[in-house]
Amino acid sequence: MSTPREATPFAVFREEFCRNRVAVIALGVVAIIGVIALLAPWITPQNPYDLSKLSLADARRPPGFVGSGGYVHWLGTDAQGRDLFSAILYGLRISIQIGVMAGAIAFTLGATLGAFAAYAGGRVEALIMRVIDLQLSFPAILLALVLAAVLGQGKWPLIAALVTAQYAYFARTAHGAASAERSKEYVEAALSTPLSPRRVVFRHILPNCLPPLIVVATVQIASAIALEATLSFLGLGLPVSEPSLGMLIANGFQYMLSGRYWISIYPGIALIFLIVAINLVGDQIRDQLNPRLRR
Amino acid sequence: MTPLVLAQNVSKRFAPRLGLGERIAAKLGSPVETRTVHAVDNVSLAIAKGEVLGLVGESGCGKSTLGRVIAGIHPPSAGQVTIGGESVMREGRKSTTRIQTVFQDPFASLDPRIRIGEAIAEGPLAHGLMRKADARAEVARWLDAVGLPAEAAERFPHQFSGGQRQRVAIARALAMQPDILVCDEPVASLDVSIQAQIVNLFLKLRRELGLTMLFISHDLGIVRHISDRIAIMYLGRIVETGETEAVFAAPRHPYTRALLDSVPKLVTDSEELVSFKAIAGELPSPLSPPPGCHFHLRCPHAQAVCREIVPASDSQGGMHPVACHFPLIS
């Protein structure tokens with residue numbers, strides 16, 4: 001038996017990841033944002049969705065203002081008198097929730113479709129992949145915009161629109177990786193046993209396609225969050241009573257030129273932090289998983 | 001004696017997919033170059049129960065493809081393979097568990113993300129050959145049969161050396177309790193010292209389990225050691241079959257003769273070192289195999305008839321069968 005106590009692949013991966021300071025900091029930022037977004041109801045001074053807690057007298061106050069609630073609005077208030085700090089945390093919560101859910105569903109759907117196409121081959125593969133190519137030729141934002149307009153407002157229609165706009169990227173990646181795995185001997189060994197096609201695809205081919213899919217997933221979750229913010233900014237996302245980051249930015253947009261910068265800027269900064277941090281983590285994972293970049 | 005496995009007139013062609021433009025051109029009647037690879041060309045083969053058949057040939061002669069068709073991994077383009085009278089494939093999918101395969105590269109033939117124990121138990125569990133409650137004991141039994149400790153079941157393939165992985169691959173095939181094992185160059189990618197161990201393992205398993213084997217190799221020494229009968233393959237066709245010792249003692253096909261002569265011998269009876277004769281020329285491309293006998297381009301005895309007519313397999317005068325117009329007489 002060769003050294004039984006050798007480092008597991010995951011430990012090696014972790015150590016290599018830690019060598020990149022920027023990526024570690026980015027991961028920390030993602031983690032912190034994730035935790036405070038999750039704990040938002042317990043750490044915010046105000047529930048921004050509870051209209052009875054809002055007072056129009058506190059509307060559009062600058063950062064540092066002490067409102068009728070008796071606490072400091074560190075980031076100011078918006079046009080409805082919401083505490084911006086609270087609204088941003090709740091907004092992050094929704095943005096992350098929608099981004100991760102849309103990413104997860106698109107991942108499952110796309111990876112299954114792509115791997116199945118690669119396994120089936122022939123006409124089935126050609127049909128599936130051409131449909132996906134066709135869809136990839138449309139900009140994701142256009143597709144999401146049309147779907148969001150057709151499906152209406154709300155969390156699930158929004159997720160459906162994001163999934164439709166994004167699953168094709170997963171399918172494309174899974175198809176490429178699975179095509180390479182398909183010709184490996186362990187798949188022939190599984191066919192020789194024989195194992196059922198479903199088992200070969202889900203138990204053997206897909207797990208071996210995970211590295212490139214994880215890279216795509218990090219990038220796509222960031223882009224789902226950005227896309228959701230864009231749709232909300234354009235008024236096609238969530239209802240006004242549950243503002244996400246995009247809608248907070250949109251709400252403050254009209255006050256920008258009157259000097260009340262904080263209503264738009266702070267949600268914008270939160271969004272940028274989140275997306276940049278996720279992308280930095282994704283970049284590092286991609287570099288580590290790309291065999292061509294290995295030393 | 002009726003053979004256990006019978007391959008009847010099996011052919012395997014690989015046609016490249018034509019692009020849309022080429023397909024339209026073909027529809028409009030223009031000649032389109034079809035670069036079909038004739039990997040296996042009208043091969044018939046019989047393997048009796050309990051025997052080890054060695055399949056020998058140069059790289060690229062189609063022996064691995066023939067092995068995969070017999071193992072039911074690839075469907076044949078023509079002909080059929082049967083085991084005990086039933087077809088190996090049904091509706092494009094393998095329908096029997098009685099043929100199992102051991103592959104050349106043990107680094108590629110084990111799924112890197114699956115523990116050894118699960119890899120061995122997966123097939124038998126899926127086919128109801130093993131009960132879940134017995135899986136652990138059964139896996140330990142098969143690991144023991146191939147000379148690995150029971151703890152190996154908890155490990156991943158990357159924690160093993162090449163020879164150990166090949167043992168795992170053999171255990172995985174055996175756990176399906178096959179009637180016949182197709183071994184596709186099972187020792188070619190191993191170190192020489194490990195090769196001997198694996199060959200000895202095959203011999204031991206054969207003794208203990210009465211295994212029938214199709215042993216594919218380009219190494220004549222190993223094939224001679226392990227096989228009861230051998231079949232010589234050249235560019236998709238079987239050119240000679242017979243009892244191993246009969247073929248080695250008196251090859252009837254010029255290609256077999258050349259193949260035997262090309263084996264380097266380091267230790268000789270005479271004082272001077274005997275040089276070995278490489279076969280002149282190269283294997284022709286299976287994209288455009290030559291007409292007539294495939295070997296005529298490299299054959300020292302080729303005549304006009306060899307260039308035109310495919311020689312039929314002939315076992316004249318009680319000799320082993322050979323596909324040659326002018327078989328050698330020794």
# chains A, B, ... in the order shown; residues from 1 in each chain; ligands from 1
>>> select_by_dssp(residues="region 170-283 of chain B", states="alpha helix (DSSP H)", output="NGL selection string")
:B and (170-175 or 192-209 or 220-226 or 244-249 or 254-261)
>>> residues_around(residues="region 237-244 of chain B", least_positions_apart="2", cutoff="9 Å", atoms="only C-alpha atoms", output="MDAnalysis selection string")
chainID B and resid 39:45 53:54 61:62 223:224 227:235 246:249 251:253 255:256 294 313 319:324
>>> interface_residues(of="chain B", to="chain A", cutoff="10 Å", atoms="only C-alpha atoms", output="JSON, numbers by chain")
{"B": [17, 68, 71, 72, 73, 74, 93, 94, 95, 96, 97, 98, 99, 100, 101, 102, 103, 104, 105, 106, 107, 108, 109, 110, 111, 112, 113, 114, 119, 122, 123, 124, 126, 127, 148, 149, 151, 152, 155, 158, 159, 160, 161, 164, 169, 172, 173, 176, 178]}
>>> write_last_selection(atoms="N, CA and C atoms", output="compact mmCIF listing (two decimals), in the first residue's frame")
# COMPACT_ATOMS: atom_id res chain seq x y z
N ARG B 17 -18.41 11.22 -38.75
CA ARG B 17 -19.64 11.96 -39.06
C ARG B 17 -19.36 12.96 -40.15
N ARG B 68 -13.36 -5.40 -27.69
CA ARG B 68 -14.48 -4.61 -27.19
C ARG B 68 -15.80 -5.04 -27.80
N ALA B 71 -16.70 -8.17 -26.02
CA ALA B 71 -17.12 -7.87 -24.64
C ALA B 71 -18.45 -7.11 -24.60
N GLY B 72 -18.97 -6.73 -25.75
CA GLY B 72 -20.26 -6.05 -25.78
C GLY B 72 -20.19 -4.57 -25.45
N ILE B 73 -19.00 -3.99 -25.55
CA ILE B 73 -18.86 -2.55 -25.28
C ILE B 73 -19.23 -1.77 -26.54
N HIS B 74 -18.77 -2.25 -27.69
CA HIS B 74 -19.17 -1.64 -28.97
C HIS B 74 -20.05 -2.63 -29.72
N ARG B 93 -27.49 -2.33 -26.68
CA ARG B 93 -26.92 -2.31 -25.33
C ARG B 93 -26.52 -3.71 -24.92
N LYS B 94 -25.50 -3.80 -24.10
CA LYS B 94 -25.04 -5.08 -23.63
C LYS B 94 -26.11 -5.73 -22.76
N SER B 95 -26.41 -6.99 -23.02
CA SER B 95 -27.51 -7.61 -22.30
C SER B 95 -27.05 -8.81 -21.47
N THR B 96 -25.75 -8.99 -21.32
CA THR B 96 -25.29 -10.12 -20.52
C THR B 96 -24.23 -9.65 -19.52
N THR B 97 -24.16 -10.34 -18.41
CA THR B 97 -23.09 -10.03 -17.45
C THR B 97 -22.03 -11.14 -17.48
N ARG B 98 -22.20 -12.09 -18.41
CA ARG B 98 -21.32 -13.26 -18.40
C ARG B 98 -19.95 -12.98 -19.01
N ILE B 99 -19.83 -11.84 -19.72
CA ILE B 99 -18.52 -11.44 -20.24
C ILE B 99 -18.08 -10.18 -19.50
N GLN B 100 -16.91 -10.21 -18.92
CA GLN B 100 -16.38 -9.02 -18.26
C GLN B 100 -15.01 -8.67 -18.85
N THR B 101 -14.57 -7.45 -18.60
CA THR B 101 -13.38 -6.96 -19.26
C THR B 101 -12.35 -6.45 -18.27
N VAL B 102 -11.09 -6.70 -18.55
CA VAL B 102 -9.98 -6.06 -17.83
C VAL B 102 -9.24 -5.22 -18.88
N PHE B 103 -9.05 -3.93 -18.57
CA PHE B 103 -8.51 -3.02 -19.57
C PHE B 103 -7.01 -2.86 -19.44
N GLN B 104 -6.45 -2.19 -20.45
CA GLN B 104 -5.00 -2.03 -20.49
C GLN B 104 -4.49 -1.11 -19.40
N ASP B 105 -5.11 0.07 -19.30
CA ASP B 105 -4.54 1.10 -18.44
C ASP B 105 -5.29 1.17 -17.11
N PRO B 106 -4.73 0.61 -16.03
CA PRO B 106 -5.46 0.61 -14.77
C PRO B 106 -5.58 2.00 -14.15
N PHE B 107 -4.86 3.00 -14.72
CA PHE B 107 -5.01 4.37 -14.23
C PHE B 107 -6.26 5.01 -14.82
N ALA B 108 -6.70 4.49 -15.96
CA ALA B 108 -7.86 5.07 -16.62
C ALA B 108 -9.13 4.25 -16.41
N SER B 109 -8.98 2.95 -16.11
CA SER B 109 -10.16 2.10 -16.11
C SER B 109 -10.88 2.08 -14.76
N LEU B 110 -10.32 2.75 -13.74
CA LEU B 110 -11.04 2.87 -12.47
C LEU B 110 -11.49 4.32 -12.30
N ASP B 111 -12.75 4.50 -11.94
CA ASP B 111 -13.28 5.84 -11.72
C ASP B 111 -12.54 6.46 -10.53
N PRO B 112 -11.83 7.59 -10.74
CA PRO B 112 -11.00 8.16 -9.68
C PRO B 112 -11.77 8.62 -8.46
N ARG B 113 -13.08 8.78 -8.57
CA ARG B 113 -13.83 9.32 -7.44
C ARG B 113 -14.59 8.26 -6.65
N ILE B 114 -14.38 7.02 -6.97
CA ILE B 114 -15.15 5.97 -6.30
C ILE B 114 -14.21 5.06 -5.54
N ALA B 119 -16.48 0.30 -6.06
CA ALA B 119 -16.27 -0.02 -7.47
C ALA B 119 -16.46 -1.52 -7.71
N GLU B 122 -20.36 -2.42 -7.00
CA GLU B 122 -21.37 -1.70 -7.75
C GLU B 122 -22.10 -2.58 -8.78
N GLY B 123 -21.33 -3.27 -9.62
CA GLY B 123 -21.94 -4.09 -10.66
C GLY B 123 -22.77 -5.23 -10.09
N PRO B 124 -22.20 -6.05 -9.19
CA PRO B 124 -22.97 -7.16 -8.63
C PRO B 124 -24.24 -6.70 -7.91
N ALA B 126 -25.97 -3.94 -8.62
CA ALA B 126 -26.91 -3.46 -9.63
C ALA B 126 -27.60 -4.62 -10.34
N HIS B 127 -26.92 -5.77 -10.42
CA HIS B 127 -27.51 -6.91 -11.12
C HIS B 127 -28.03 -7.98 -10.18
N LEU B 148 -5.00 -8.65 -2.43
CA LEU B 148 -5.01 -7.34 -1.78
C LEU B 148 -5.68 -7.47 -0.42
N PRO B 149 -5.26 -6.66 0.57
CA PRO B 149 -5.88 -6.74 1.89
C PRO B 149 -7.30 -6.15 1.86
N GLU B 151 -8.61 -4.03 3.76
CA GLU B 151 -8.68 -2.58 4.03
C GLU B 151 -8.64 -1.76 2.74
N ALA B 152 -8.16 -2.38 1.66
CA ALA B 152 -8.07 -1.65 0.39
C ALA B 152 -9.43 -1.12 -0.05
N ARG B 155 -10.11 2.60 0.25
CA ARG B 155 -9.22 3.57 -0.38
C ARG B 155 -9.72 3.97 -1.76
N HIS B 158 -6.27 6.44 -6.56
CA HIS B 158 -4.99 7.15 -6.65
C HIS B 158 -4.02 6.75 -5.54
N GLN B 159 -4.52 6.01 -4.55
CA GLN B 159 -3.64 5.58 -3.46
C GLN B 159 -2.94 4.26 -3.75
N PHE B 160 -3.11 3.76 -4.98
CA PHE B 160 -2.51 2.47 -5.34
C PHE B 160 -1.51 2.63 -6.47
N SER B 161 -0.58 1.66 -6.56
CA SER B 161 0.35 1.62 -7.68
C SER B 161 -0.35 0.95 -8.86
N GLN B 164 -1.24 -2.75 -8.37
CA GLN B 164 -2.34 -2.92 -7.41
C GLN B 164 -3.67 -2.53 -8.04
N ALA B 169 -8.88 -3.91 -10.72
CA ALA B 169 -9.69 -4.03 -11.93
C ALA B 169 -10.07 -5.49 -12.19
N ARG B 172 -12.77 -6.43 -9.74
CA ARG B 172 -14.04 -5.86 -10.16
C ARG B 172 -14.70 -6.73 -11.24
N ALA B 173 -13.88 -7.18 -12.20
CA ALA B 173 -14.42 -8.02 -13.26
C ALA B 173 -14.87 -9.37 -12.70
N MET B 176 -18.31 -10.00 -10.82
CA MET B 176 -19.52 -10.21 -11.63
C MET B 176 -19.70 -11.69 -11.96
N PRO B 178 -18.11 -13.79 -14.07
CA PRO B 178 -18.27 -13.99 -15.51
C PRO B 178 -17.88 -15.41 -15.92
>>> residues_around(residues="Thr164 (chain A)", least_positions_apart="4", cutoff="9 Å", atoms="only C-alpha atoms", output="PyMOL selection string")
chain A and resi 106+140+143-144+147+159-160+168
>>> atom_distance(atom1="CA of Arg198 (chain A)", atom2="CA of Arg131 (chain B)")
21.1 Å
>>> atom_distance(atom1="CA of Lys132 (chain B)", atom2="CA of Gly163 (chain B)")
28.4 Å
>>> select_by_dssp(residues="region 226-256 of chain B", states="strand (DSSP E)", output="PyMOL selection string")
chain B and resi 229-234+237-243
>>> write_last_selection(atoms="C-alpha atoms", output="PDB file, in the first residue's frame")
ATOM      1  CA  ARG B 229      -4.631 -21.424 -28.508  1.00  0.00           C
ATOM      2  CA  ILE B 230      -3.630 -18.274 -30.303  1.00  0.00           C
ATOM      3  CA  ALA B 231      -5.136 -16.217 -33.105  1.00  0.00           C
ATOM      4  CA  ILE B 232      -2.911 -13.934 -35.160  1.00  0.00           C
ATOM      5  CA  MET B 233      -4.541 -10.748 -36.390  1.00  0.00           C
ATOM      6  CA  TYR B 234      -3.383  -8.512 -39.199  1.00  0.00           C
ATOM      7  CA  ARG B 237      -8.481 -10.010 -40.128  1.00  0.00           C
ATOM      8  CA  ILE B 238      -7.476 -13.223 -38.409  1.00  0.00           C
ATOM      9  CA  VAL B 239      -4.727 -14.736 -40.515  1.00  0.00           C
ATOM     10  CA  GLU B 240      -3.906 -17.841 -38.495  1.00  0.00           C
ATOM     11  CA  THR B 241      -5.308 -19.729 -35.528  1.00  0.00           C
ATOM     12  CA  GLY B 242      -4.114 -22.858 -33.794  1.00  0.00           C
ATOM     13  CA  GLU B 243      -2.781 -24.543 -30.702  1.00  0.00           C
TER      14      GLU B 243
END
>>> residues_around(residues="region 58-60 of chain A", least_positions_apart="6", cutoff="6 Å", atoms="only C-alpha atoms", output="JSON, numbers by chain")
{"A": [67, 77, 78, 79, 80, 81]}
>>> write_last_selection(atoms="N, CA, C and O atoms", output="PDB file, in the first residue's frame")
ATOM      1  N   GLY A  67     -33.168  58.931  14.116  1.00  0.00           N
ATOM      2  CA  GLY A  67     -34.567  59.032  13.710  1.00  0.00           C
ATOM      3  C   GLY A  67     -35.528  58.867  14.860  1.00  0.00           C
ATOM      4  O   GLY A  67     -35.140  58.810  16.035  1.00  0.00           O
ATOM      5  N   THR A  77     -31.386  57.206   5.417  1.00  0.00           N
ATOM      6  CA  THR A  77     -32.678  56.550   5.145  1.00  0.00           C
ATOM      7  C   THR A  77     -33.082  56.804   3.710  1.00  0.00           C
ATOM      8  O   THR A  77     -32.568  57.707   3.052  1.00  0.00           O
ATOM      9  N   ASP A  78     -34.012  55.964   3.228  1.00  0.00           N
ATOM     10  CA  ASP A  78     -34.452  56.145   1.837  1.00  0.00           C
ATOM     11  C   ASP A  78     -35.766  56.920   1.782  1.00  0.00           C
ATOM     12  O   ASP A  78     -36.207  57.481   2.789  1.00  0.00           O
ATOM     13  N   ALA A  79     -36.386  56.951   0.608  1.00  0.00           N
ATOM     14  CA  ALA A  79     -37.556  57.811   0.393  1.00  0.00           C
ATOM     15  C   ALA A  79     -38.750  57.397   1.224  1.00  0.00           C
ATOM     16  O   ALA A  79     -39.650  58.192   1.477  1.00  0.00           O
ATOM     17  N   GLN A  80     -38.781  56.108   1.671  1.00  0.00           N
ATOM     18  CA  GLN A  80     -39.896  55.666   2.519  1.00  0.00           C
ATOM     19  C   GLN A  80     -39.549  55.752   4.004  1.00  0.00           C
ATOM     20  O   GLN A  80     -40.310  55.289   4.846  1.00  0.00           O
ATOM     21  N   GLY A  81     -38.398  56.296   4.308  1.00  0.00           N
ATOM     22  CA  GLY A  81     -37.981  56.386   5.701  1.00  0.00           C
ATOM     23  C   GLY A  81     -37.369  55.097   6.226  1.00  0.00           C
ATOM     24  O   GLY A  81     -37.263  54.881   7.421  1.00  0.00           O
TER      25      GLY A  81
END
>>> atom_distance(atom1="CA of Gln254 (chain A)", atom2="CA of Gly152 (chain A)")
24.4 Å
>>> residues_around(residues="Ala115 (chain A)", least_positions_apart="4", cutoff="8 Å", atoms="only C-alpha atoms", output="PyMOL selection string")
chain A and resi 111+119+171+174-175+178-179+201+205-206
